[in-house]
$ cat structure.cif   # mmCIF, C-alpha atoms
data_start
#
loop_
_atom_site.label_atom_id
_atom_site.label_comp_id
_atom_site.auth_asym_id
_atom_site.auth_seq_id
_atom_site.Cartn_x
_atom_site.Cartn_y
_atom_site.Cartn_z
CA MET A 1 -165.09 -134.57 -183.31
CA ILE A 2 -167.82 -134.90 -180.72
CA LEU A 3 -167.75 -132.49 -177.82
CA ILE A 4 -169.48 -133.56 -174.62
CA VAL A 5 -169.94 -130.94 -171.89
CA ASN A 6 -171.00 -132.40 -168.56
CA THR A 7 -172.41 -129.63 -166.33
CA THR A 8 -173.51 -132.12 -163.65
CA SER A 9 -171.33 -133.59 -160.91
CA ASP A 10 -172.28 -137.13 -162.01
CA THR A 11 -169.18 -138.44 -163.78
CA ALA A 12 -170.62 -141.97 -164.03
CA VAL A 13 -172.55 -140.74 -167.12
CA THR A 14 -169.42 -139.55 -168.87
CA GLU A 15 -167.55 -142.74 -167.88
CA GLU A 16 -170.32 -144.78 -169.50
CA LEU A 17 -170.31 -142.54 -172.58
CA LYS A 18 -166.54 -142.86 -172.88
CA ARG A 19 -166.82 -146.65 -172.76
CA CYS A 20 -169.63 -146.78 -175.37
CA LEU A 21 -167.86 -144.38 -177.73
CA GLU A 22 -164.54 -146.22 -177.50
CA GLU A 23 -166.35 -149.42 -178.42
CA ARG A 24 -167.68 -147.67 -181.51
CA SER A 25 -164.33 -145.95 -182.24
CA VAL A 26 -165.96 -142.54 -182.13
CA GLU A 27 -163.62 -139.66 -181.30
CA ALA A 28 -164.97 -137.59 -178.41
CA ASP A 29 -163.71 -134.77 -176.24
CA ILE A 30 -165.31 -134.73 -172.80
CA VAL A 31 -165.29 -131.58 -170.67
CA GLU A 32 -166.22 -132.01 -167.01
CA ALA A 33 -167.65 -128.50 -166.58
CA ALA A 34 -168.96 -128.95 -163.03
CA SER A 35 -165.45 -128.41 -161.70
CA LEU A 36 -164.83 -125.42 -163.97
CA LYS A 37 -165.60 -121.78 -163.35
CA ILE A 38 -168.27 -120.84 -165.88
CA SER A 39 -170.26 -117.65 -165.41
CA HIS A 40 -173.57 -116.67 -166.97
CA CYS A 41 -173.75 -114.43 -170.07
CA ILE A 42 -174.07 -110.78 -169.05
CA GLY A 43 -175.32 -109.59 -172.43
CA CYS A 44 -172.56 -107.03 -172.92
CA ASN A 45 -172.41 -107.66 -176.71
CA HIS A 46 -168.62 -107.26 -176.63
CA CYS A 47 -168.21 -110.58 -178.48
CA TRP A 48 -170.04 -108.98 -181.42
CA LEU A 49 -168.98 -105.35 -181.22
CA LYS A 50 -165.81 -104.82 -179.18
CA THR A 51 -163.63 -107.97 -179.31
CA PRO A 52 -165.25 -109.94 -182.16
CA GLY A 53 -165.41 -113.67 -181.39
CA GLU A 54 -164.02 -113.31 -177.88
CA CYS A 55 -166.06 -113.27 -174.67
CA SER A 56 -165.38 -110.44 -172.25
CA ILE A 57 -165.73 -112.83 -169.31
CA LYS A 58 -162.36 -114.43 -168.78
CA ASP A 59 -163.26 -117.77 -167.24
CA ASP A 60 -163.15 -121.47 -168.14
CA TYR A 61 -165.84 -121.16 -170.82
CA GLU A 62 -163.05 -120.31 -173.25
CA ILE A 63 -162.03 -124.00 -173.11
CA ILE A 64 -165.46 -124.93 -174.51
CA LEU A 65 -165.55 -122.10 -177.05
CA LYS A 66 -162.19 -123.13 -178.52
CA LYS A 67 -163.42 -126.72 -178.92
CA VAL A 68 -166.92 -126.06 -180.20
CA VAL A 69 -165.68 -124.23 -183.29
CA HIS A 70 -164.08 -127.53 -184.41
CA ALA A 71 -166.83 -129.91 -183.23
CA ASP A 72 -169.34 -131.73 -185.45
CA GLN A 73 -171.60 -132.25 -182.45
CA MET A 74 -171.95 -130.73 -179.00
CA TRP A 75 -173.80 -132.66 -176.30
CA VAL A 76 -174.65 -130.90 -173.07
CA ILE A 77 -175.34 -133.05 -170.03
CA SER A 78 -177.48 -131.06 -167.65
CA ASP A 79 -179.48 -131.27 -164.46
CA THR A 80 -183.00 -129.90 -164.67
CA ALA A 81 -185.02 -127.22 -162.90
CA LEU A 82 -188.52 -125.83 -163.35
CA GLY A 83 -189.26 -128.22 -166.23
CA PHE A 84 -186.19 -127.16 -168.23
CA ILE A 85 -182.40 -127.59 -168.16
CA ASP A 86 -180.98 -125.85 -165.10
CA HIS A 87 -178.98 -122.61 -165.19
CA LYS A 88 -175.64 -124.41 -165.55
CA GLY A 89 -176.85 -126.16 -168.69
CA LYS A 90 -178.46 -122.99 -170.04
CA ASN A 91 -175.31 -120.95 -169.42
CA ILE A 92 -173.40 -123.24 -171.80
CA PHE A 93 -175.82 -122.21 -174.56
CA ASP A 94 -176.09 -118.53 -173.56
CA ARG A 95 -172.30 -118.12 -173.70
CA ILE A 96 -172.15 -119.45 -177.28
CA LEU A 97 -172.80 -116.02 -178.81
CA PRO A 98 -169.16 -115.42 -179.89
CA ILE A 99 -169.56 -118.11 -182.60
CA ALA A 100 -172.05 -115.79 -184.30
CA THR A 101 -171.28 -112.37 -185.74
CA MET A 102 -173.23 -109.15 -185.35
CA TYR A 103 -174.21 -109.37 -189.03
CA LEU A 104 -177.70 -110.53 -189.90
CA LYS A 105 -179.31 -112.40 -192.77
CA PHE A 106 -182.56 -114.17 -193.51
CA VAL A 107 -182.60 -117.95 -193.26
CA GLY A 108 -185.94 -118.93 -194.78
CA ASP A 109 -188.44 -116.45 -193.43
CA GLN A 110 -186.55 -115.63 -190.21
CA MET A 111 -183.64 -113.37 -189.47
CA ARG A 112 -180.48 -115.00 -188.02
CA HIS A 113 -176.95 -113.96 -187.17
CA VAL A 114 -174.30 -114.78 -189.76
CA PRO A 115 -172.06 -117.55 -188.30
CA ARG A 116 -168.43 -116.61 -187.57
CA TYR A 117 -166.96 -119.99 -188.56
CA ASP A 118 -167.50 -122.52 -191.36
CA GLN A 119 -167.95 -125.41 -188.91
CA ARG A 120 -171.55 -126.42 -188.20
CA THR A 121 -172.13 -128.05 -184.82
CA ASP A 122 -175.26 -130.11 -184.21
CA VAL A 123 -176.52 -130.04 -180.63
CA GLY A 124 -178.02 -132.64 -178.31
CA ILE A 125 -179.03 -132.79 -174.66
CA ILE A 126 -178.75 -135.50 -172.04
CA TYR A 127 -180.68 -134.56 -168.92
CA SER A 128 -181.03 -135.79 -165.38
CA GLY A 129 -184.31 -135.09 -163.56
CA ASP A 130 -187.84 -134.02 -164.52
CA VAL A 131 -188.37 -131.96 -167.65
CA GLU A 132 -191.19 -131.00 -169.96
CA LYS A 133 -189.66 -133.20 -172.62
CA GLU A 134 -191.82 -132.07 -175.51
CA TYR A 135 -190.88 -128.48 -174.76
CA LEU A 136 -187.19 -129.27 -174.36
CA GLU A 137 -187.24 -131.00 -177.76
CA ARG A 138 -188.83 -127.89 -179.30
CA TRP A 139 -186.32 -125.63 -177.58
CA THR A 140 -183.30 -127.67 -178.68
CA GLU A 141 -184.47 -127.44 -182.28
CA ARG A 142 -184.70 -123.65 -181.93
CA ALA A 143 -181.37 -123.45 -180.10
CA ALA A 144 -179.71 -125.31 -183.00
CA LEU A 145 -180.69 -122.41 -185.30
CA ASN A 146 -178.08 -120.37 -183.44
CA PHE A 147 -175.44 -122.83 -184.68
CA GLU A 148 -177.07 -122.93 -188.13
CA SER A 149 -177.30 -126.65 -187.45
CA ARG A 150 -179.84 -129.20 -186.29
CA SER A 151 -180.94 -130.82 -183.07
CA LEU A 152 -179.69 -134.33 -182.32
CA GLY A 153 -182.46 -134.82 -179.79
CA VAL A 154 -183.11 -134.82 -176.07
CA PHE A 155 -182.41 -137.90 -173.97
CA ALA A 156 -182.87 -138.79 -170.31
CA LYS A 157 -179.80 -140.17 -168.52
CA ASP A 158 -181.31 -143.66 -168.66
CA GLU A 159 -181.65 -143.37 -172.45
CA LEU A 160 -177.88 -143.08 -172.90
CA LYS A 161 -177.71 -145.86 -175.51
CA GLU A 162 -180.19 -144.00 -177.72
CA ALA A 163 -178.09 -140.83 -177.40
CA VAL A 164 -174.90 -142.75 -178.24
CA SER A 165 -176.54 -144.11 -181.40
CA CYS A 166 -176.75 -140.46 -182.61
CA MET A 167 -173.05 -139.82 -181.92
CA CYS A 168 -171.13 -140.47 -185.08
CA MET B 169 -203.33 -102.95 -156.95
CA HIS B 170 -199.64 -103.46 -156.15
CA VAL B 171 -197.29 -105.25 -158.54
CA LEU B 172 -193.88 -106.83 -158.03
CA ILE B 173 -191.74 -106.27 -161.12
CA ILE B 174 -188.60 -108.30 -161.66
CA ASN B 175 -186.20 -107.18 -164.36
CA GLY B 176 -184.80 -110.57 -165.43
CA SER B 177 -182.04 -109.16 -167.62
CA PRO B 178 -178.49 -110.17 -166.65
CA ARG B 179 -177.20 -106.91 -168.13
CA VAL B 180 -176.42 -104.10 -165.67
CA LYS B 181 -179.31 -101.65 -165.23
CA ALA B 182 -177.57 -98.74 -166.97
CA TYR B 183 -177.38 -100.67 -170.28
CA SER B 184 -180.47 -102.84 -169.83
CA ASN B 185 -182.97 -102.52 -172.70
CA THR B 186 -185.51 -104.29 -170.48
CA ASP B 187 -185.05 -101.53 -167.89
CA LYS B 188 -185.78 -98.82 -170.47
CA ILE B 189 -188.89 -100.72 -171.53
CA LEU B 190 -189.99 -101.01 -167.90
CA GLU B 191 -189.56 -97.26 -167.37
CA LYS B 192 -192.25 -96.60 -169.99
CA PHE B 193 -194.41 -99.58 -169.04
CA THR B 194 -194.56 -98.67 -165.34
CA ALA B 195 -195.29 -95.02 -166.18
CA GLY B 196 -198.47 -96.14 -167.98
CA MET B 197 -199.32 -98.80 -165.41
CA SER B 198 -199.16 -96.43 -162.43
CA GLU B 199 -201.18 -93.54 -163.93
CA ASN B 200 -204.32 -94.50 -162.02
CA GLY B 201 -203.04 -95.51 -158.63
CA VAL B 202 -201.39 -98.89 -159.34
CA THR B 203 -198.20 -99.12 -157.28
CA PHE B 204 -195.14 -101.28 -157.85
CA GLU B 205 -191.75 -102.29 -156.56
CA GLN B 206 -188.96 -103.28 -158.95
CA TYR B 207 -185.82 -105.40 -158.57
CA GLU B 208 -182.97 -106.36 -160.88
CA VAL B 209 -181.74 -109.93 -161.29
CA ALA B 210 -178.42 -108.51 -162.57
CA ASP B 211 -177.70 -107.22 -159.07
CA ALA B 212 -177.11 -110.25 -156.81
CA LYS B 213 -177.29 -107.98 -153.76
CA GLN B 214 -181.03 -107.61 -154.41
CA TRP B 215 -181.75 -111.36 -154.53
CA GLU B 216 -182.73 -111.73 -150.91
CA LYS B 217 -185.15 -108.78 -151.03
CA MET B 218 -186.46 -110.04 -154.34
CA ARG B 219 -187.17 -113.48 -152.83
CA GLU B 220 -189.03 -111.87 -149.93
CA ALA B 221 -191.05 -109.77 -152.39
CA TYR B 222 -191.86 -112.91 -154.42
CA TYR B 223 -193.45 -114.51 -151.36
CA ASN B 224 -195.24 -111.30 -150.26
CA ASN B 225 -196.93 -110.22 -153.51
CA SER B 226 -199.94 -111.66 -155.28
CA ARG B 227 -199.19 -109.98 -158.64
CA ILE B 228 -195.83 -110.52 -160.28
CA ILE B 229 -194.47 -109.39 -163.64
CA ILE B 230 -191.15 -110.77 -164.82
CA ALA B 231 -189.65 -108.76 -167.69
CA LEU B 232 -186.87 -110.44 -169.62
CA PRO B 233 -184.81 -110.48 -172.79
CA LEU B 234 -184.84 -113.63 -174.91
CA TYR B 235 -181.50 -115.47 -174.50
CA VAL B 236 -180.96 -118.35 -176.92
CA GLU B 237 -184.68 -118.92 -177.44
CA CYS B 238 -185.63 -118.99 -173.75
CA ILE B 239 -184.95 -117.31 -170.42
CA PRO B 240 -181.43 -116.13 -169.52
CA GLY B 241 -179.34 -118.55 -167.44
CA ARG B 242 -178.88 -115.92 -164.74
CA LEU B 243 -182.66 -115.47 -164.31
CA MET B 244 -183.02 -119.25 -164.17
CA GLU B 245 -180.40 -119.35 -161.41
CA PHE B 246 -182.49 -116.95 -159.32
CA LEU B 247 -185.78 -118.71 -160.03
CA GLU B 248 -184.28 -122.05 -158.98
CA THR B 249 -184.06 -120.66 -155.43
CA LEU B 250 -187.83 -120.12 -155.17
CA GLU B 251 -190.52 -122.41 -153.79
CA PRO B 252 -193.86 -122.66 -155.66
CA ARG B 253 -196.56 -120.30 -154.37
CA ASN B 254 -199.65 -122.49 -154.94
CA ASP B 255 -201.94 -119.75 -153.61
CA GLY B 256 -203.44 -118.16 -156.74
CA THR B 257 -200.62 -115.63 -157.20
CA GLY B 258 -200.76 -114.16 -160.69
CA MET B 259 -197.64 -114.16 -162.86
CA ALA B 260 -197.30 -112.29 -166.15
CA PHE B 261 -194.27 -111.71 -168.37
CA ILE B 262 -192.83 -109.07 -170.67
CA LEU B 263 -190.66 -110.89 -173.20
CA GLN B 264 -188.49 -108.79 -175.49
CA SER B 265 -185.77 -109.54 -178.02
CA GLY B 266 -183.46 -108.10 -180.64
CA PHE B 267 -184.93 -110.09 -183.51
CA ALA B 268 -188.01 -108.29 -184.78
CA GLU B 269 -190.42 -111.03 -185.87
CA GLY B 270 -192.97 -112.40 -183.41
CA ILE B 271 -192.17 -115.98 -184.42
CA GLN B 272 -188.68 -115.60 -182.91
CA LEU B 273 -190.13 -115.25 -179.41
CA ARG B 274 -192.80 -117.97 -179.45
CA CYS B 275 -190.58 -120.76 -178.12
CA GLY B 276 -189.54 -118.55 -175.19
CA GLU B 277 -193.15 -117.55 -174.61
CA ALA B 278 -194.19 -121.22 -174.47
CA TYR B 279 -191.70 -121.82 -171.66
CA LEU B 280 -193.02 -118.90 -169.62
CA GLU B 281 -196.41 -120.59 -169.35
CA ILE B 282 -194.65 -123.74 -168.08
CA LEU B 283 -192.58 -121.62 -165.69
CA ALA B 284 -195.63 -119.95 -164.10
CA ARG B 285 -197.14 -123.40 -163.54
CA LYS B 286 -193.92 -124.77 -162.03
CA LEU B 287 -193.86 -121.82 -159.62
CA GLY B 288 -197.46 -122.56 -158.62
CA CYS B 289 -198.69 -119.26 -160.09
CA GLU B 290 -201.63 -118.45 -162.28
CA TYR B 291 -200.35 -117.59 -165.78
CA GLN B 292 -201.55 -114.13 -166.78
CA GLY B 293 -200.05 -113.99 -170.24
CA THR B 294 -196.94 -112.64 -171.89
CA LEU B 295 -196.46 -109.33 -173.66
CA VAL B 296 -194.33 -110.34 -176.63
CA LYS B 297 -192.30 -107.92 -178.74
CA GLY B 298 -188.99 -107.89 -180.55
CA ASP B 299 -186.94 -105.28 -182.44
CA ASN B 300 -185.45 -103.83 -179.24
CA PHE B 301 -181.72 -104.39 -179.85
CA SER B 302 -181.04 -100.73 -180.57
CA ILE B 303 -182.49 -99.28 -177.34
CA ARG B 304 -179.13 -99.14 -175.55
CA PHE B 305 -177.53 -97.34 -178.50
CA PHE B 306 -180.25 -94.69 -178.72
CA GLU B 307 -180.98 -91.71 -176.53
CA GLY B 308 -183.75 -89.11 -176.17
CA GLU B 309 -186.46 -89.04 -178.82
CA GLN B 310 -184.88 -91.83 -180.86
CA ARG B 311 -185.04 -94.17 -177.86
CA ASP B 312 -188.55 -93.02 -176.94
CA ARG B 313 -189.80 -94.00 -180.38
CA VAL B 314 -188.91 -97.63 -179.54
CA THR B 315 -189.92 -97.69 -175.88
CA GLU B 316 -192.93 -95.32 -175.74
CA PRO B 317 -195.47 -97.88 -177.06
CA TYR B 318 -194.93 -99.82 -173.81
CA THR B 319 -196.65 -96.98 -171.88
CA GLU B 320 -199.98 -97.93 -173.47
CA MET B 321 -199.34 -101.57 -172.56
CA GLY B 322 -198.80 -100.46 -168.96
CA ARG B 323 -202.27 -98.86 -169.05
CA GLU B 324 -203.65 -102.05 -170.57
CA TYR B 325 -202.19 -104.17 -167.76
CA ALA B 326 -203.56 -101.78 -165.13
CA LYS B 327 -207.01 -102.10 -166.71
CA ASN B 328 -207.09 -105.90 -167.19
CA GLY B 329 -204.55 -107.29 -164.72
CA ASP B 330 -203.07 -109.47 -167.46
CA PHE B 331 -201.64 -109.51 -171.00
CA LYS B 332 -204.45 -111.46 -172.59
CA SER B 333 -206.31 -108.64 -174.38
CA GLU B 334 -206.42 -108.28 -178.16
CA ALA B 335 -204.40 -105.04 -177.84
CA CYS B 336 -201.59 -106.98 -176.12
CA LYS B 337 -201.68 -109.66 -178.81
CA ARG B 338 -201.53 -107.05 -181.59
CA PHE B 339 -198.59 -105.36 -179.87
CA THR B 340 -196.25 -108.15 -181.07
CA GLY B 341 -196.51 -106.99 -184.69
CA PRO B 342 -195.93 -109.33 -187.64
CA GLU B 343 -195.07 -112.99 -186.99
CA VAL B 344 -192.83 -112.94 -190.07
CA PHE B 345 -192.15 -110.19 -192.59
CA PRO B 346 -193.72 -110.46 -196.04
CA ALA B 347 -191.30 -111.57 -198.81
CA HIS B 348 -190.79 -108.08 -200.29
CA ILE B 349 -189.92 -106.64 -196.85
CA ARG B 350 -187.50 -109.52 -196.24
CA PHE B 351 -185.84 -108.73 -199.55
CA LEU B 352 -185.42 -105.06 -198.63
CA VAL B 353 -184.30 -105.73 -195.04
CA GLY B 354 -181.88 -108.38 -196.32
CA LEU B 355 -180.41 -105.80 -198.69
CA LEU B 356 -180.13 -103.23 -195.90
CA GLN B 357 -178.33 -105.80 -193.73
CA LYS B 358 -175.70 -106.30 -196.43
CA THR B 359 -175.12 -102.58 -196.85
CA PHE B 360 -176.33 -99.88 -194.46
CA ALA B 361 -176.56 -102.10 -191.35
CA LYS B 362 -172.99 -103.38 -191.80
CA LYS B 363 -171.73 -99.81 -191.86
CA MET B 364 -173.84 -98.95 -188.81
CA PHE B 365 -172.52 -101.95 -186.84
CA LYS B 366 -168.94 -100.98 -187.75
CA LYS B 367 -169.61 -97.47 -186.46
CA ILE B 368 -171.05 -98.79 -183.17
CA ALA B 369 -168.07 -101.15 -182.88
CA GLY B 370 -165.74 -98.19 -183.37
CA ASN B 371 -167.44 -96.45 -180.45
CA PHE B 372 -166.82 -99.60 -178.39
CA GLY B 373 -163.10 -99.30 -179.23
CA CYS B 374 -163.13 -102.31 -181.56
CA THR B 375 -160.00 -102.63 -183.69
CA LYS B 376 -160.81 -105.88 -185.57
CA ALA B 377 -163.17 -106.84 -188.37
CA LEU B 378 -166.55 -107.88 -186.97
CA ASP B 379 -166.24 -111.30 -188.62
CA TYR B 380 -162.75 -111.91 -187.18
CA ARG B 381 -162.08 -115.56 -186.20
CA PRO B 382 -159.93 -115.75 -183.07
CA TYR B 383 -160.11 -119.56 -182.75
CA SER B 384 -159.58 -120.77 -186.32
#

$ encode --input "structure.cif" --output "structure tokens"
Amino acid sequence: MILIVNTTSDTAVTEELKRCLEERSVEADIVEAASLKISHCIGCNHCWLKTPGECSIKDDYEIILKKVVHADQMWVISDTALGFIDHKGKNIFDRILPIATMYLKFVGDQMRHVPRYDQRTDVGIIYSGDVEKEYLERWTERAALNFESRSLGVFAKDELKEAVSCMC
Amino acid sequence: MHVLIINGSPRVKAYSNTDKILEKFTAGMSENGVTFEQYEVADAKQWEKMREAYYNNSRIIIALPLYVECIPGRLMEFLETLEPRNDGTGMAFILQSGFAEGIQLRCGEAYLEILARKLGCEYQGTLVKGDNFSIRFFEGEQRDRVTEPYTEMGREYAKNGDFKSEACKRFTGPEVFPAHIRFLVGLLQKTFAKKMFKKIAGNFGCTKALDYRPYS
């Protein structure tokens, strides 16, 4: 299953994605997050040490968390700010911590958290606005390490067809 | 010299590792007459004052924990409300993380240089160091052992006005651990560290296994 989280208020993008994916018979679950209440991560560590796997912030992010643990891919559609994805896009990644455990292990030469679930979710970004694209590509590759997965790439809104070609 | 310090951690001040680091850093920085004012991003009530201070200071240090390889979403939310300075204002960063190896912080560090540019500030370097996860769980001497080295870095900043000196670069420690250390640390993680995490979890009131799967 492909999970698409749209943090922007532009639903034309998700409409277009829906159409393209239906044509290709790809199963997708689209979450329009702009209308949801999703807070930032407050770094309390409760998801690792107090209520393992559950976020202490009881808001709509739980909808995403419950889906991502079953998703082969997660695409985040985000506006941009200061050369990067904006805070709404970043919050989707920051709140992902419950899918990791407190336990640590080395992956290659770097330490990583042991994943909580068997599912591995690749991540991709569709952005709207100006970004430092080379940096965003580098960051998405690093961010994927938190899912013990890989980056699907970074695409501008007008490169939607290229993004869709990676959704399978 | 007067410095605006922004604690970019979204965690409340009482439990903020970044705050404990700043306590030591500012003690060293202010030994010889450097003054500072400090604000917390975690406290939204301070945002208006913090914005004013951003426009009224020519030296800014943003201290922050690494959140998913870059800056925390909450800090980004605040920074999005600022206009670029474009007047030669200097901006430096203290980037800290739980992971110990320097390589873990390099992607975040790379963004901070972009960020300073986007805010129309002159980039004055980033003090990069990991291995700080335990600060909130320690007290007294045990905590000081982790945070005290930042006092010397405060002196270094006061002397140079940036984090570009060799001493600041060395402060990061190893980029990656040598293979034999990785082997030993890996072993410790499977044994001693697991027990330690369970103990901490017990203090938090945790009643489930730490690898519990609520959404399977």

$ closest_atom_pairs --input "structure.cif" --of "chain A" --to "chain B" --cutoff "9 Å" --atoms "all atoms listed in the file" --output "tab-separated table"
residue	atom	partner	partner_atom	distance
A:Ser39	CA	B:Arg242	CA	8.8
A:His40	CA	B:Arg242	CA	5.8
A:Cys41	CA	B:Pro178	CA	7.2
A:Ile42	CA	B:Arg179	CA	5.1
A:Gly43	CA	B:Arg179	CA	5.4
A:Cys44	CA	B:Arg179	CA	6.7
A:His46	CA	B:Phe372	CA	8.1
A:Trp48	CA	B:Leu378	CA	6.6
A:Leu49	CA	B:Ala369	CA	4.6
A:Lys50	CA	B:Cys374	CA	4.4
A:Thr51	CA	B:Cys374	CA	6.1
A:Pro52	CA	B:Leu378	CA	5.4
A:Gly53	CA	B:Pro382	CA	6.1
A:Glu54	CA	B:Pro382	CA	7.0
A:Leu65	CA	B:Tyr383	CA	8.3
A:Lys66	CA	B:Tyr383	CA	5.9
A:Lys67	CA	B:Tyr383	CA	8.8
A:Val69	CA	B:Tyr383	CA	7.3
A:His70	CA	B:Ser384	CA	8.3
A:Ala81	CA	B:Glu248	CA	6.5
A:Leu82	CA	B:Lys286	CA	5.7
A:Gly83	CA	B:Lys286	CA	7.2
A:Phe84	CA	B:Tyr279	CA	8.4
A:Asp86	CA	B:Met244	CA	7.0
A:His87	CA	B:Gly241	CA	4.7
A:Lys88	CA	B:Gly241	CA	7.2
A:Gly89	CA	B:Gly241	CA	8.1
A:Lys90	CA	B:Gly241	CA	5.2
A:Asn91	CA	B:Gly241	CA	5.1
A:Ile92	CA	B:Gly241	CA	8.7
A:Phe93	CA	B:Val236	CA	6.8
A:Asp94	CA	B:Val236	CA	5.9
A:Ile96	CA	B:Val236	CA	8.9
A:Leu97	CA	B:Val236	CA	8.7
A:Ile99	CA	B:Arg381	CA	8.7
A:Ala100	CA	B:Asp379	CA	8.5
A:Thr101	CA	B:Asp379	CA	5.9
A:Met102	CA	B:Leu378	CA	7.0
A:Tyr103	CA	B:Lys362	CA	6.7
A:Leu104	CA	B:Gln357	CA	6.1
A:Lys105	CA	B:Gly354	CA	5.9
A:Phe106	CA	B:Gly354	CA	6.5
A:Asp109	CA	B:Val344	CA	6.5
A:Gln110	CA	B:Val344	CA	6.8
A:Met111	CA	B:Phe267	CA	6.9
A:Arg112	CA	B:Phe267	CA	8.0
A:Val114	CA	B:Asp379	CA	8.9
A:Pro115	CA	B:Asp379	CA	8.5
A:Arg116	CA	B:Asp379	CA	5.8
A:Tyr117	CA	B:Arg381	CA	7.0
A:Glu132	CA	B:Ile282	CA	8.3
A:Tyr135	CA	B:Tyr279	CA	7.4
A:Arg138	CA	B:Cys275	CA	7.4
A:Trp139	CA	B:Cys275	CA	6.5
A:Thr140	CA	B:Glu237	CA	8.9
A:Arg142	CA	B:Glu237	CA	6.5
A:Ala143	CA	B:Val236	CA	6.0
A:Asn146	CA	B:Val236	CA	7.4

$ resolve_selection --input "structure.cif" --expression "the PyMOL selection byres ((chain B and resi 288-302) around 6)" --output "MDAnalysis selection string"
chainID B and resid 252:254 256:268 284:287 303:305 330:332 340

$ resolve_selection --input "structure.cif" --expression "the PyMOL selection byres ((chain B and resi 312) around 12)" --output "compact mmCIF listing (two decimals) with C-alpha atoms, in the frame of the given file"
# COMPACT_ATOMS: atom_id res chain seq x y z
CA ASN B 185 -182.97 -102.52 -172.70
CA LYS B 188 -185.78 -98.82 -170.47
CA ILE B 189 -188.89 -100.72 -171.53
CA GLU B 191 -189.56 -97.26 -167.37
CA LYS B 192 -192.25 -96.60 -169.99
CA PHE B 193 -194.41 -99.58 -169.04
CA ASN B 300 -185.45 -103.83 -179.24
CA SER B 302 -181.04 -100.73 -180.57
CA ILE B 303 -182.49 -99.28 -177.34
CA ARG B 304 -179.13 -99.14 -175.55
CA PHE B 305 -177.53 -97.34 -178.50
CA PHE B 306 -180.25 -94.69 -178.72
CA GLU B 307 -180.98 -91.71 -176.53
CA GLY B 308 -183.75 -89.11 -176.17
CA GLU B 309 -186.46 -89.04 -178.82
CA GLN B 310 -184.88 -91.83 -180.86
CA ARG B 311 -185.04 -94.17 -177.86
CA ARG B 313 -189.80 -94.00 -180.38
CA VAL B 314 -188.91 -97.63 -179.54
CA THR B 315 -189.92 -97.69 -175.88
CA GLU B 316 -192.93 -95.32 -175.74
CA PRO B 317 -195.47 -97.88 -177.06
CA TYR B 318 -194.93 -99.82 -173.81
CA THR B 319 -196.65 -96.98 -171.88

$ atom_distance --input "structure.cif" --atom1 "atom CA of A:Arg95" --atom2 "atom CA of B:Glu216"
25.9 Å

$ atom_distance --input "structure.cif" --atom1 "atom CA of A:Asp10" --atom2 "atom CA of A:Glu162"
18.9 Å

$ atom_distance --input "structure.cif" --atom1 "atom CA of B:Glu281" --atom2 "atom CA of B:Ile228"
13.6 Å

$ resolve_selection --input "structure.cif" --expression "the PyMOL selection byres ((chain A and resi 31) around 10)" --output "ChimeraX atom specification"
/A:3-7,14,28-30,32-36,63-64,67,76

$ closest_residue --input "structure.cif" --among "B:Asp255, B:Ala326, B:Glu220, B:Met321" --to "B:Phe339" --atoms "all atoms listed in the file"
B:Met321

$ decode --input "structure.cif" --residues "stretch 148-157 of chain A" --atoms "N, CA and C atoms" --output "mmCIF file, in the first residue's frame"
data_model
loop_
_atom_site.group_PDB
_atom_site.id
_atom_site.type_symbol
_atom_site.label_atom_id
_atom_site.label_comp_id
_atom_site.auth_asym_id
_atom_site.auth_seq_id
_atom_site.Cartn_x
_atom_site.Cartn_y
_atom_site.Cartn_z
ATOM 1 N N GLU A 148 14.656 2.524 8.264
ATOM 2 C CA GLU A 148 15.499 1.445 7.747
ATOM 3 C C GLU A 148 15.079 1.114 6.314
ATOM 4 N N SER A 149 14.909 2.177 5.535
ATOM 5 C CA SER A 149 14.413 2.002 4.164
ATOM 6 C C SER A 149 15.229 2.897 3.235
ATOM 7 N N ARG A 150 14.659 3.210 2.077
ATOM 8 C CA ARG A 150 15.407 4.062 1.146
ATOM 9 C C ARG A 150 14.539 5.217 0.660
ATOM 10 N N SER A 151 15.232 6.203 0.109
ATOM 11 C CA SER A 151 14.523 7.366 -0.436
ATOM 12 C C SER A 151 14.002 7.046 -1.827
ATOM 13 N N LEU A 152 12.778 7.493 -2.104
ATOM 14 C CA LEU A 152 12.189 7.335 -3.436
ATOM 15 C C LEU A 152 12.462 8.566 -4.284
ATOM 16 N N GLY A 153 12.991 9.595 -3.668
ATOM 17 C CA GLY A 153 13.340 10.812 -4.406
ATOM 18 C C GLY A 153 12.500 12.007 -3.996
ATOM 19 N N VAL A 154 12.859 13.134 -4.605
ATOM 20 C CA VAL A 154 12.279 14.425 -4.274
ATOM 21 C C VAL A 154 11.794 15.050 -5.572
ATOM 22 N N PHE A 155 10.522 15.405 -5.633
ATOM 23 C CA PHE A 155 9.943 15.879 -6.891
ATOM 24 C C PHE A 155 9.147 17.166 -6.688
ATOM 25 N N ALA A 156 9.324 18.106 -7.603
ATOM 26 C CA ALA A 156 8.508 19.323 -7.567
ATOM 27 C C ALA A 156 7.088 18.944 -7.998
ATOM 28 N N LYS A 157 6.126 19.794 -7.634
ATOM 29 C CA LYS A 157 4.726 19.514 -7.956
ATOM 30 C C LYS A 157 4.518 19.335 -9.468
#
